[in-house]
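Down below is the structure, laid out as structure tokens.
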Amino acid sequence: SNTSGRVRLWKKTLPYISSSYFGYGPQADRIYIKQNISNLILYSLLCGGIIGAISIISIYLLIIYKIINLVFMNQIFKKKNYLHEKISIIIIGFLLLRSVVEVSFGIFSIDMIFFLVALKIIYHSPIYNKKTS
């Protein structure tokens, strides 16, 4: 299968998610599914329950809003400077998309380091602070 068994794992996770609104704690996928669940939203639901998933989804939406603001309102890709910010936007976009098929930046990993550094670059950018404050 093209999904490397991920869809099967996701389906296997659903009964556990529906039986606990509060989750099962860190690395519950390793305990109950015996594998990495490979999806940040499902991982947060399984481990942190509804509150964990709402937190992750809120972070997603806030970051997506900020990125859209930089790309479309500030038109950052039309400006000659801001190379670090442009690269950071690409990294964040990649990691957000990747989190659909991997836990990615959701647990401490190299992805999280890249994600946090890219966010810091964007949040401390002169274009972000000038136009969106």
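Naming scheme: A, B, ... for chains in displayed order of the structure tokens; residues 1 onward per chain; ligands 1 onward as shown.
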Please provide the set of residues having any atom within 12 Å of range 6-8 of chain A, restricted to only C-alpha atoms, with same-chain residues fewer than 3 positions apart removed, written as a list in words.
->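 Those residues are Ser1, Asn2, Thr3, Lys11, Lys12, Thr13, Leu14, Ile33, Gln35, Asn36, Ile37, Ser38, Asn39, Leu42, Val100, Val101, Glu102 and Val103 of chain A.
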Looking only at the backbone, which of the residues in chain A does DSSP tag as alpha helix (DSSP H), as a count of residues only?
-> 80
One decimal place gives the CA of Cys47 in chain A-CA of Gly25 in chain A separation as 4.5 Å
Minimum-distance residue to Gly23 in chain A, chosen among A:Phe115, A:Lys80, A:Ile51, A:Ile87 (using only C-alpha atoms) = A:Ile51
Judged by only C-alpha atoms, the minimum distance to Lys79 in chain A among A:Ile127, A:Ile92, A:Leu9, A:Ile121 is found for A:Ile127
Neighbours of Phe105 in chain A within 12 Å (only C-alpha atoms; same-chain residues fewer than 5 positions away dropped), as JSON, numbers by chain?
-> {"A": [38, 39, 40, 41, 43, 44, 56, 59, 60, 91, 92, 93, 94, 95, 96, 97, 98, 99, 100, 110, 111, 112, 113, 114, 115, 116, 117, 118]}
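Distance check against Asn74 in chain A using only C-alpha atoms: of A:Ser19, A:Ser4, A:Ser88, A:Asn129, the minimum falls on A:Asn129.
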Nearest to Ile50 in chain A among A:Lys120, A:His84, A:Ser109, A:Ser18, with distances taken over only C-alpha atoms: which residue is it?
->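 That would be A:Ser18, the residue with the smallest distance to Ile50 in chain A.
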Do you have the CA of Tyr82 in chain A-CA of Ser125 in chain A distance handy?
-> 8.1 Å
Just want the 8 Å neighbourhood of Gly49 in chain A, counted on only C-alpha atoms, with same-chain residues fewer than 3 positions away dropped. Output as a CSV table (one decimal) with C-alpha atoms, in the first residue's frame.
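Now in around_3.csv:
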```csv
chain,number,residue,atom,x,y,z
A,17,ILE,CA,-9.4,7.5,21.1
A,20,SER,CA,-10.9,8.1,26.6
A,21,TYR,CA,-11.6,11.8,26.3
A,22,PHE,CA,-8.5,12.5,28.4
A,23,GLY,CA,-6.0,10.4,26.5
A,24,TYR,CA,-3.6,7.8,27.8
A,44,SER,CA,-2.3,14.1,20.3
A,45,LEU,CA,-5.8,12.7,20.7
A,46,LEU,CA,-4.5,9.3,21.9
A,52,GLY,CA,-4.3,17.8,23.6
A,53,ALA,CA,-5.9,17.7,20.2
```
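Shortest atom-to-atom contact with Ala28 in chain A among A:Tyr128, A:Ile89, A:Trp10, A:Gly48: A:Gly48, counting only C-alpha atoms.
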Selection near Leu70 in chain A, 10 Å with only C-alpha atoms, sequence-local residues under 5 positions removed, as a list of chain:residue names |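 Skipping anything fewer than 5 positions along the chain leaves A:Ile64, A:Tyr65, A:Gln75, A:Ile76, A:Phe77, A:Glu85, A:Lys86, A:Ile89, A:Ile122, A:Ile127, A:Tyr128, A:Lys131, A:Thr132.
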